[in-house]
Amino acid sequence: MNLKLKALTKSIWVFHAACSPCNNCDIEILDVLTPRYDVERFGIQLVGSVRHADVLLVTGVPNRKTAERLKALYAQAAKPCLVVAIGQCAGGGCMFTPSYNYIKPVDEIVPVAAYVPGCPPKPEAIIMGVVKLLKSLGK
Amino acid sequence: MKDLFYYLIFPGFLFTGALGIFASWFDRKITARVQWRKGPPLLQPLYDLIKLLGKELILPANSSLWTFLVFPIVGLAASALASSIIWLAFLFPEKGFVGDVFVVIYLMGLPAISLIVASFASANPLASQGASREIKLLLSYELPFILAALVVLIKAQSIKLGGLIFYQAVNGLGIGSFSGAIAFIVALLCSQAKLGLVPFDMAEAETEIMAGAYIEFSGPLLAVFRLTKFMMLVAAPLFLVGLFLGNVAAGPGAFLLLILKYLAVVLLTVLIRNTNPRLRIDQAMKFFWGPVTLLAAVAVTLALFGK
């Protein structure tokens with residue numbers, strides 16, 4: 001594992017890309033960042049600007065409005081930037097696939113590195129997803 | 001040749017950078033403990049820097065390219081120079097030049113100015129918002145900061161940093177007198193604003209204007225800004241130590257004492273940062289131009305009467 005990759009796995013700055021979610025997943029993400037789980041132990045921090053982000057946390061179903069925004073956000077992020085789809089909706093549209101406003105799942109808009117299923121996923125599940133992602137980066 | 005060594009290696013760039021990385025970890029660890037968390041590992045700020053250096057550098061399409069690229073480095077060079085002048089005044093107080101206190105004050109203003117220019121150059125509305133807040137903040141804290149420094153200059157009758165440290169070695173600490181104690185409080189608040197830490201971090205309010213002045217900077221340029229911040233986290237508290245708590249750092253014991261005093265000032269700064277919410281820019285200006293400047297003026301008057 002080279003130095004660049006090692007430093008990346010030790011210092012993940014996440015950006016919250018909410019694609020019209022119901023907010024449940026967002027609340028669970030915020031739970032991960034609270035003192036109870038304290039992910040700053042692993043160097044994970046929430047950043048304000050997408051230019052600083054290493055990981056985009058996508059929640060919700062991308063619809064006609066947010067799909068373009070998600071694509072633009074991914075284009076604005078400095079690479080290497082990974083996308084993690086949090087929750088059932090971001091994983092594949094869930095029950096919203098027949099909706100008039102639904103176009104396509106997240107992974108057809110931007111490349112997704114990891115999926116964390118659940119409605120909403122527990123904080124433990126989100127941490128597990130991130131750990132699995134970091135392990136797969138090391139290989 | 002020797003000056004280059006001073007600037008680049010021992011008290012300057014390399015040493016200050018390493019100490020700044022440590023101070024940044026100290027800040028984050030204390031913050032974590034205050035919030036009842038465990039906190040990041042010791043090398044976390046270094047990992048952040050290395051990661052940022054390995055990331056892509058994005059140049060915004062409408063930016064003024066040269067300004068965008070050059071000014072972060074100007075700020076870094078200025079903060080390294082300021083901290084090496086301060087360190088040298090501690091190590092060799094008999095050397096130095098007349099008026100180096102003012103040079104240090106100006107050099108410590110340069111990182112803020114370079115941030116302002118670079119973020120205006122990045123052609124982002126939120127960056128301009130952050131930069132204009134930084135200008136207002138700079139205008140508001142500089143006056144009380146200089147007044148607070150003036151108190152010590154009046155007492156020691158010297159405008160050399162080394163002279164101030166000698167004076168304190170003979171006549172007791174600058175903070176010991178009534179006017180010195182008031183001036184220390186004023187200077188501590190101003191250095192908090194200079195470092196852009198929480199009650200005065202409206203220029204990069206990440207929950208409000210999305211990292212503000214830093215919004216367009218990515219990869220290596222962001223790493224340069226972070227390193228500048230680390231250097232300033234050394235320079236500004238160390239300058240306060242020089243003005244108010246100075247001792248000649250000739251032997252290893254005295255040097256250790258100096259580092260302990262420095263860490264104590266950083267600890268105070270971190271505790272202020274953790275117990276206050278962010279102010280609005282107008283509140284910060286009122287705060288600095290009102291009570292803080294008044295307090296500094298009182299301190300100067302007291303110093304003129306020898307209190």
# chains A, B, ... in the order shown; residues from 1 in each chain; ligands from 1
>>> interface_residues(of="chain B", to="chain A", cutoff="12 Å", atoms="only C-alpha atoms", output="ChimeraX atom specification")
/B:25,28-29,31-61,124,126-127,204-223,226
>>> select_by_dssp(residues="segment 94-139 of chain A", states="strand (DSSP E or B)", output="PyMOL selection string")
chain A and resi 102+114-116
>>> write_last_selection(atoms="N, CA and C atoms", output="compact mmCIF listing (two decimals), in the first residue's frame")
# COMPACT_ATOMS: atom_id res chain seq x y z
N TYR A 102 -38.95 9.54 -10.62
CA TYR A 102 -37.75 8.71 -10.51
C TYR A 102 -37.13 8.54 -11.89
N ALA A 114 -19.49 1.83 -2.28
CA ALA A 114 -20.03 0.96 -1.23
C ALA A 114 -21.50 1.27 -1.03
N TYR A 115 -22.25 0.23 -0.67
CA TYR A 115 -23.67 0.40 -0.36
C TYR A 115 -23.88 0.04 1.10
N VAL A 116 -24.64 0.86 1.81
CA VAL A 116 -25.02 0.51 3.18
C VAL A 116 -26.54 0.40 3.20
>>> select_by_dssp(residues="chain A", states="alpha helix (DSSP H)", output="number ranges by chain")
A: 3-10, 24-33, 66-76, 87-92, 123-138
>>> residues_around(residues="Pro117 of chain A", least_positions_apart="4", cutoff="9 Å", atoms="only C-alpha atoms", output="ChimeraX atom specification")
/A:85-91,121,125-126
>>> residues_around(residues="Pro277 of chain B", least_positions_apart="4", cutoff="10 Å", atoms="only C-alpha atoms", output="PyMOL selection string")
chain B and resi 198-201+272-273
>>> write_last_selection(atoms="N, CA and C atoms", output="short mmCIF file (atom, residue, chain, number, x, y, z; two decimals), in the first residue's frame")
data_model
loop_
_atom_site.label_atom_id
_atom_site.label_comp_id
_atom_site.auth_asym_id
_atom_site.auth_seq_id
_atom_site.Cartn_x
_atom_site.Cartn_y
_atom_site.Cartn_z
N VAL B 198 -12.93 29.33 17.13
CA VAL B 198 -14.38 29.38 17.10
C VAL B 198 -15.13 30.65 17.40
N PRO B 199 -15.00 31.38 18.47
CA PRO B 199 -15.97 32.48 18.46
C PRO B 199 -15.79 33.40 17.25
N PHE B 200 -14.61 33.38 16.66
CA PHE B 200 -14.33 34.30 15.54
C PHE B 200 -14.01 33.56 14.24
N ASP B 201 -14.68 32.43 13.98
CA ASP B 201 -14.37 31.69 12.76
C ASP B 201 -15.40 31.95 11.67
N ILE B 272 -11.28 28.47 25.27
CA ILE B 272 -12.17 29.54 24.80
C ILE B 272 -12.95 29.04 23.59
N ARG B 273 -12.25 28.33 22.69
CA ARG B 273 -12.87 27.85 21.46
C ARG B 273 -13.98 26.86 21.75
#
>>> residues_around(residues="Pro93 of chain B", least_positions_apart="3", cutoff="12 Å", atoms="only C-alpha atoms", output="ChimeraX atom specification")
/B:85-90,96-98,100,160-169,242,246-250
>>> write_last_selection(atoms="C-alpha atoms", output="PDB file, in the first residue's frame")
ATOM      1  CA  ILE B  85      11.943  35.692  14.236  1.00  0.00           C
ATOM      2  CA  ILE B  86      10.016  35.040  17.470  1.00  0.00           C
ATOM      3  CA  TRP B  87      11.933  31.819  18.218  1.00  0.00           C
ATOM      4  CA  LEU B  88      15.290  33.529  17.558  1.00  0.00           C
ATOM      5  CA  ALA B  89      14.361  36.307  19.978  1.00  0.00           C
ATOM      6  CA  PHE B  90      13.888  33.662  22.668  1.00  0.00           C
ATOM      7  CA  GLY B  96      17.681  40.633  16.522  1.00  0.00           C
ATOM      8  CA  PHE B  97      17.079  44.105  15.138  1.00  0.00           C
ATOM      9  CA  VAL B  98      15.399  47.270  16.375  1.00  0.00           C
ATOM     10  CA  ASP B 100      11.317  43.465  15.111  1.00  0.00           C
ATOM     11  CA  LYS B 160      13.082  44.810  20.256  1.00  0.00           C
ATOM     12  CA  LEU B 161      11.500  41.449  21.039  1.00  0.00           C
ATOM     13  CA  GLY B 162      14.772  40.380  22.642  1.00  0.00           C
ATOM     14  CA  GLY B 163      14.723  43.574  24.737  1.00  0.00           C
ATOM     15  CA  LEU B 164      11.239  42.739  26.010  1.00  0.00           C
ATOM     16  CA  ILE B 165      12.362  39.246  26.980  1.00  0.00           C
ATOM     17  CA  PHE B 166      15.449  40.632  28.771  1.00  0.00           C
ATOM     18  CA  TYR B 167      13.285  43.161  30.601  1.00  0.00           C
ATOM     19  CA  GLN B 168      11.007  40.377  31.802  1.00  0.00           C
ATOM     20  CA  ALA B 169      13.970  38.250  32.859  1.00  0.00           C
ATOM     21  CA  GLY B 242       7.178  36.646  24.343  1.00  0.00           C
ATOM     22  CA  GLY B 246       8.834  35.658  28.396  1.00  0.00           C
ATOM     23  CA  ASN B 247      11.943  33.885  29.555  1.00  0.00           C
ATOM     24  CA  VAL B 248      15.342  33.539  27.895  1.00  0.00           C
ATOM     25  CA  ALA B 249      15.452  30.022  26.436  1.00  0.00           C
ATOM     26  CA  ALA B 250      19.190  29.412  26.501  1.00  0.00           C
TER      27      ALA B 250
END
>>> closest_residue(among="A:Val55, A:Ile109, A:Leu82, A:Val32", to="Met128 of chain A", atoms="only C-alpha atoms")
A:Val32
>>> atom_distance(atom1="atom CA of Ala82 of chain B", atom2="atom CA of Val234 of chain B")
9.9 Å
>>> residues_around(residues="Gly92 of chain A", least_positions_apart="6", cutoff="10 Å", atoms="only C-alpha atoms", output="list in words")
Gly60, Val61, Pro62, Ala85, Lys104, Pro105, Val106, Asp107, Glu108, Tyr115 and Pro117 of chain A
>>> write_last_selection(atoms="N, CA and C atoms", output="mmCIF file, in the first residue's frame")
data_model
loop_
_atom_site.group_PDB
_atom_site.id
_atom_site.type_symbol
_atom_site.label_atom_id
_atom_site.label_comp_id
_atom_site.auth_asym_id
_atom_site.auth_seq_id
_atom_site.Cartn_x
_atom_site.Cartn_y
_atom_site.Cartn_z
ATOM 1 N N GLY A 60 -31.042 9.092 -0.105
ATOM 2 C CA GLY A 60 -32.270 9.427 -0.814
ATOM 3 C C GLY A 60 -32.279 8.953 -2.256
ATOM 4 N N VAL A 61 -33.424 9.163 -2.898
ATOM 5 C CA VAL A 61 -33.595 8.752 -4.290
ATOM 6 C C VAL A 61 -33.287 9.942 -5.177
ATOM 7 N N PRO A 62 -32.328 9.834 -6.076
ATOM 8 C CA PRO A 62 -32.104 10.969 -6.978
ATOM 9 C C PRO A 62 -33.264 11.085 -7.957
ATOM 10 N N ALA A 85 -23.326 4.955 -0.932
ATOM 11 C CA ALA A 85 -24.785 5.093 -0.966
ATOM 12 C C ALA A 85 -25.340 4.609 0.359
ATOM 13 N N LYS A 104 -33.221 7.225 -12.479
ATOM 14 C CA LYS A 104 -32.358 6.041 -12.435
ATOM 15 C C LYS A 104 -31.675 5.954 -11.079
ATOM 16 N N PRO A 105 -31.138 4.761 -10.717
ATOM 17 C CA PRO A 105 -30.490 4.618 -9.414
ATOM 18 C C PRO A 105 -29.182 5.398 -9.346
ATOM 19 N N VAL A 106 -28.693 5.603 -8.118
ATOM 20 C CA VAL A 106 -27.495 6.416 -7.888
ATOM 21 C C VAL A 106 -26.308 5.888 -8.684
ATOM 22 N N ASP A 107 -26.153 4.526 -8.727
ATOM 23 C CA ASP A 107 -24.911 4.005 -9.331
ATOM 24 C C ASP A 107 -24.895 4.137 -10.848
ATOM 25 N N GLU A 108 -25.992 4.575 -11.448
ATOM 26 C CA GLU A 108 -25.922 4.870 -12.886
ATOM 27 C C GLU A 108 -25.614 6.347 -13.125
ATOM 28 N N TYR A 115 -22.250 0.227 -0.668
ATOM 29 C CA TYR A 115 -23.673 0.402 -0.358
ATOM 30 C C TYR A 115 -23.875 0.036 1.099
ATOM 31 N N PRO A 117 -27.089 -0.823 3.130
ATOM 32 C CA PRO A 117 -28.541 -0.961 3.103
ATOM 33 C C PRO A 117 -29.157 -0.738 4.480
#
>>> atom_distance(atom1="atom CA of Leu138 of chain B", atom2="atom CA of Ala118 of chain B")
15.4 Å
>>> atom_distance(atom1="atom CA of Met285 of chain B", atom2="atom CA of Gln192 of chain B")
13.8 Å
>>> decode(residues="segment 54-197 of chain B", atoms="C-alpha atoms", output="PDB file, in the first residue's frame")
ATOM      1  CA  GLY B  54      -1.796  13.532  -2.845  1.00  0.00           C
ATOM      2  CA  LYS B  55      -5.158  14.815  -4.029  1.00  0.00           C
ATOM      3  CA  GLU B  56      -6.175  16.515  -7.230  1.00  0.00           C
ATOM      4  CA  LEU B  57      -5.695  20.286  -7.520  1.00  0.00           C
ATOM      5  CA  ILE B  58      -8.774  21.850  -9.078  1.00  0.00           C
ATOM      6  CA  LEU B  59      -8.401  25.257 -10.706  1.00  0.00           C
ATOM      7  CA  PRO B  60     -11.764  27.052 -10.883  1.00  0.00           C
ATOM      8  CA  ALA B  61     -12.592  28.156 -14.438  1.00  0.00           C
ATOM      9  CA  ASN B  62     -13.150  31.864 -13.736  1.00  0.00           C
ATOM     10  CA  SER B  63     -10.407  32.294 -11.171  1.00  0.00           C
ATOM     11  CA  SER B  64      -7.477  34.638 -11.506  1.00  0.00           C
ATOM     12  CA  LEU B  65      -4.980  31.819 -11.801  1.00  0.00           C
ATOM     13  CA  TRP B  66      -1.680  33.305 -10.629  1.00  0.00           C
ATOM     14  CA  THR B  67      -3.193  35.041  -7.629  1.00  0.00           C
ATOM     15  CA  PHE B  68      -5.040  31.848  -6.746  1.00  0.00           C
ATOM     16  CA  LEU B  69      -1.824  29.826  -6.837  1.00  0.00           C
ATOM     17  CA  VAL B  70       0.767  32.247  -5.438  1.00  0.00           C
ATOM     18  CA  PHE B  71      -0.925  33.878  -2.446  1.00  0.00           C
ATOM     19  CA  PRO B  72      -1.344  30.734  -0.308  1.00  0.00           C
ATOM     20  CA  ILE B  73       2.427  30.305  -0.523  1.00  0.00           C
ATOM     21  CA  VAL B  74       3.018  33.973   0.411  1.00  0.00           C
ATOM     22  CA  GLY B  75       0.989  33.405   3.570  1.00  0.00           C
ATOM     23  CA  LEU B  76       2.936  30.246   4.414  1.00  0.00           C
ATOM     24  CA  ALA B  77       6.295  31.989   3.908  1.00  0.00           C
ATOM     25  CA  ALA B  78       5.205  34.944   6.065  1.00  0.00           C
ATOM     26  CA  SER B  79       3.999  32.760   8.926  1.00  0.00           C
ATOM     27  CA  ALA B  80       7.236  30.733   8.857  1.00  0.00           C
ATOM     28  CA  LEU B  81       9.296  33.950   8.885  1.00  0.00           C
ATOM     29  CA  ALA B  82       7.275  35.427  11.747  1.00  0.00           C
ATOM     30  CA  SER B  83       7.683  32.328  13.869  1.00  0.00           C
ATOM     31  CA  SER B  84      11.412  32.050  13.181  1.00  0.00           C
ATOM     32  CA  ILE B  85      11.943  35.692  14.236  1.00  0.00           C
ATOM     33  CA  ILE B  86      10.016  35.040  17.470  1.00  0.00           C
ATOM     34  CA  TRP B  87      11.933  31.819  18.218  1.00  0.00           C
ATOM     35  CA  LEU B  88      15.290  33.529  17.558  1.00  0.00           C
ATOM     36  CA  ALA B  89      14.361  36.307  19.978  1.00  0.00           C
ATOM     37  CA  PHE B  90      13.888  33.662  22.668  1.00  0.00           C
ATOM     38  CA  LEU B  91      17.042  31.741  21.817  1.00  0.00           C
ATOM     39  CA  PHE B  92      19.373  34.729  21.263  1.00  0.00           C
ATOM     40  CA  PRO B  93      17.702  37.790  22.849  1.00  0.00           C
ATOM     41  CA  GLU B  94      20.849  39.922  22.394  1.00  0.00           C
ATOM     42  CA  LYS B  95      20.632  39.529  18.613  1.00  0.00           C
ATOM     43  CA  GLY B  96      17.681  40.633  16.522  1.00  0.00           C
ATOM     44  CA  PHE B  97      17.079  44.105  15.138  1.00  0.00           C
ATOM     45  CA  VAL B  98      15.399  47.270  16.375  1.00  0.00           C
ATOM     46  CA  GLY B  99      11.673  47.200  15.640  1.00  0.00           C
ATOM     47  CA  ASP B 100      11.317  43.465  15.111  1.00  0.00           C
ATOM     48  CA  VAL B 101       8.145  43.534  17.225  1.00  0.00           C
ATOM     49  CA  PHE B 102       6.454  45.553  14.491  1.00  0.00           C
ATOM     50  CA  VAL B 103       7.854  43.316  11.768  1.00  0.00           C
ATOM     51  CA  VAL B 104       6.367  40.298  13.533  1.00  0.00           C
ATOM     52  CA  ILE B 105       2.992  42.024  13.946  1.00  0.00           C
ATOM     53  CA  TYR B 106       2.919  42.846  10.223  1.00  0.00           C
ATOM     54  CA  LEU B 107       4.087  39.368   9.199  1.00  0.00           C
ATOM     55  CA  MET B 108       1.360  37.788  11.311  1.00  0.00           C
ATOM     56  CA  GLY B 109      -1.167  39.911   9.434  1.00  0.00           C
ATOM     57  CA  LEU B 110       0.052  38.585   6.075  1.00  0.00           C
ATOM     58  CA  PRO B 111      -1.534  35.082   6.238  1.00  0.00           C
ATOM     59  CA  ALA B 112      -4.947  36.719   6.699  1.00  0.00           C
ATOM     60  CA  ILE B 113      -4.299  39.103   3.802  1.00  0.00           C
ATOM     61  CA  SER B 114      -3.104  36.279   1.566  1.00  0.00           C
ATOM     62  CA  LEU B 115      -6.238  34.287   2.429  1.00  0.00           C
ATOM     63  CA  ILE B 116      -8.362  37.309   1.523  1.00  0.00           C
ATOM     64  CA  VAL B 117      -6.638  37.857  -1.827  1.00  0.00           C
ATOM     65  CA  ALA B 118      -6.560  34.171  -2.766  1.00  0.00           C
ATOM     66  CA  SER B 119     -10.203  33.592  -1.938  1.00  0.00           C
ATOM     67  CA  PHE B 120     -11.314  36.689  -3.835  1.00  0.00           C
ATOM     68  CA  ALA B 121      -9.307  35.307  -6.759  1.00  0.00           C
ATOM     69  CA  SER B 122     -11.205  32.024  -6.643  1.00  0.00           C
ATOM     70  CA  ALA B 123     -14.319  33.704  -8.081  1.00  0.00           C
ATOM     71  CA  ASN B 124     -16.848  32.045  -5.810  1.00  0.00           C
ATOM     72  CA  PRO B 125     -19.622  34.081  -4.184  1.00  0.00           C
ATOM     73  CA  LEU B 126     -19.337  32.219  -0.873  1.00  0.00           C
ATOM     74  CA  ALA B 127     -15.561  32.689  -0.921  1.00  0.00           C
ATOM     75  CA  SER B 128     -16.055  36.448  -1.387  1.00  0.00           C
ATOM     76  CA  GLN B 129     -18.463  36.405   1.524  1.00  0.00           C
ATOM     77  CA  GLY B 130     -15.845  34.655   3.669  1.00  0.00           C
ATOM     78  CA  ALA B 131     -13.087  36.975   2.474  1.00  0.00           C
ATOM     79  CA  SER B 132     -15.090  40.116   3.231  1.00  0.00           C
ATOM     80  CA  ARG B 133     -15.739  38.794   6.727  1.00  0.00           C
ATOM     81  CA  GLU B 134     -12.015  38.133   7.108  1.00  0.00           C
ATOM     82  CA  ILE B 135     -11.249  41.754   6.086  1.00  0.00           C
ATOM     83  CA  LYS B 136     -13.684  43.092   8.680  1.00  0.00           C
ATOM     84  CA  LEU B 137     -12.252  40.798  11.309  1.00  0.00           C
ATOM     85  CA  LEU B 138      -8.694  41.866  10.440  1.00  0.00           C
ATOM     86  CA  LEU B 139      -9.682  45.536  10.711  1.00  0.00           C
ATOM     87  CA  SER B 140     -11.353  44.962  14.056  1.00  0.00           C
ATOM     88  CA  TYR B 141      -8.733  42.935  15.929  1.00  0.00           C
ATOM     89  CA  GLU B 142      -5.542  44.667  14.752  1.00  0.00           C
ATOM     90  CA  LEU B 143      -6.110  47.890  16.746  1.00  0.00           C
ATOM     91  CA  PRO B 144      -6.567  46.289  20.197  1.00  0.00           C
ATOM     92  CA  PHE B 145      -3.775  43.799  19.415  1.00  0.00           C
ATOM     93  CA  ILE B 146      -1.278  46.589  18.715  1.00  0.00           C
ATOM     94  CA  LEU B 147      -2.478  48.520  21.783  1.00  0.00           C
ATOM     95  CA  ALA B 148      -1.942  45.421  23.927  1.00  0.00           C
ATOM     96  CA  ALA B 149       1.575  45.021  22.541  1.00  0.00           C
ATOM     97  CA  LEU B 150       2.160  48.738  23.207  1.00  0.00           C
ATOM     98  CA  VAL B 151       1.600  48.184  26.945  1.00  0.00           C
ATOM     99  CA  VAL B 152       4.627  45.914  27.133  1.00  0.00           C
ATOM    100  CA  LEU B 153       6.682  48.195  24.883  1.00  0.00           C
ATOM    101  CA  ILE B 154       5.978  51.150  27.199  1.00  0.00           C
ATOM    102  CA  LYS B 155       6.940  49.136  30.259  1.00  0.00           C
ATOM    103  CA  ALA B 156      10.164  47.773  28.818  1.00  0.00           C
ATOM    104  CA  GLN B 157      11.054  50.982  26.896  1.00  0.00           C
ATOM    105  CA  SER B 158      12.235  48.833  24.002  1.00  0.00           C
ATOM    106  CA  ILE B 159      10.952  47.941  20.545  1.00  0.00           C
ATOM    107  CA  LYS B 160      13.082  44.810  20.256  1.00  0.00           C
ATOM    108  CA  LEU B 161      11.500  41.449  21.039  1.00  0.00           C
ATOM    109  CA  GLY B 162      14.772  40.380  22.642  1.00  0.00           C
ATOM    110  CA  GLY B 163      14.723  43.574  24.737  1.00  0.00           C
ATOM    111  CA  LEU B 164      11.239  42.739  26.010  1.00  0.00           C
ATOM    112  CA  ILE B 165      12.362  39.246  26.980  1.00  0.00           C
ATOM    113  CA  PHE B 166      15.449  40.632  28.771  1.00  0.00           C
ATOM    114  CA  TYR B 167      13.285  43.161  30.601  1.00  0.00           C
ATOM    115  CA  GLN B 168      11.007  40.377  31.802  1.00  0.00           C
ATOM    116  CA  ALA B 169      13.970  38.250  32.859  1.00  0.00           C
ATOM    117  CA  VAL B 170      15.121  41.127  35.115  1.00  0.00           C
ATOM    118  CA  ASN B 171      11.850  42.751  36.257  1.00  0.00           C
ATOM    119  CA  GLY B 172       9.420  39.832  36.370  1.00  0.00           C
ATOM    120  CA  LEU B 173       6.808  38.708  33.845  1.00  0.00           C
ATOM    121  CA  GLY B 174       4.888  41.225  31.746  1.00  0.00           C
ATOM    122  CA  ILE B 175       1.610  39.722  32.939  1.00  0.00           C
ATOM    123  CA  GLY B 176       2.578  40.431  36.554  1.00  0.00           C
ATOM    124  CA  SER B 177       1.464  44.053  36.662  1.00  0.00           C
ATOM    125  CA  PHE B 178      -2.127  45.301  36.567  1.00  0.00           C
ATOM    126  CA  SER B 179      -1.906  46.792  33.072  1.00  0.00           C
ATOM    127  CA  GLY B 180      -0.003  43.727  31.812  1.00  0.00           C
ATOM    128  CA  ALA B 181      -2.760  41.382  32.982  1.00  0.00           C
ATOM    129  CA  ILE B 182      -5.433  43.424  31.182  1.00  0.00           C
ATOM    130  CA  ALA B 183      -3.305  43.594  28.039  1.00  0.00           C
ATOM    131  CA  PHE B 184      -2.787  39.816  28.150  1.00  0.00           C
ATOM    132  CA  ILE B 185      -6.556  39.202  28.135  1.00  0.00           C
ATOM    133  CA  VAL B 186      -6.960  41.611  25.214  1.00  0.00           C
ATOM    134  CA  ALA B 187      -4.107  40.016  23.264  1.00  0.00           C
ATOM    135  CA  LEU B 188      -5.450  36.517  23.934  1.00  0.00           C
ATOM    136  CA  LEU B 189      -8.831  37.448  22.453  1.00  0.00           C
ATOM    137  CA  CYS B 190      -7.125  39.070  19.455  1.00  0.00           C
ATOM    138  CA  SER B 191      -4.934  36.042  18.850  1.00  0.00           C
ATOM    139  CA  GLN B 192      -8.070  33.882  18.968  1.00  0.00           C
ATOM    140  CA  ALA B 193      -9.448  35.970  16.099  1.00  0.00           C
ATOM    141  CA  LYS B 194      -6.096  35.921  14.317  1.00  0.00           C
ATOM    142  CA  LEU B 195      -6.118  32.118  14.400  1.00  0.00           C
ATOM    143  CA  GLY B 196      -9.709  32.038  13.147  1.00  0.00           C
ATOM    144  CA  LEU B 197     -10.828  29.827  16.032  1.00  0.00           C
TER     145      LEU B 197
END
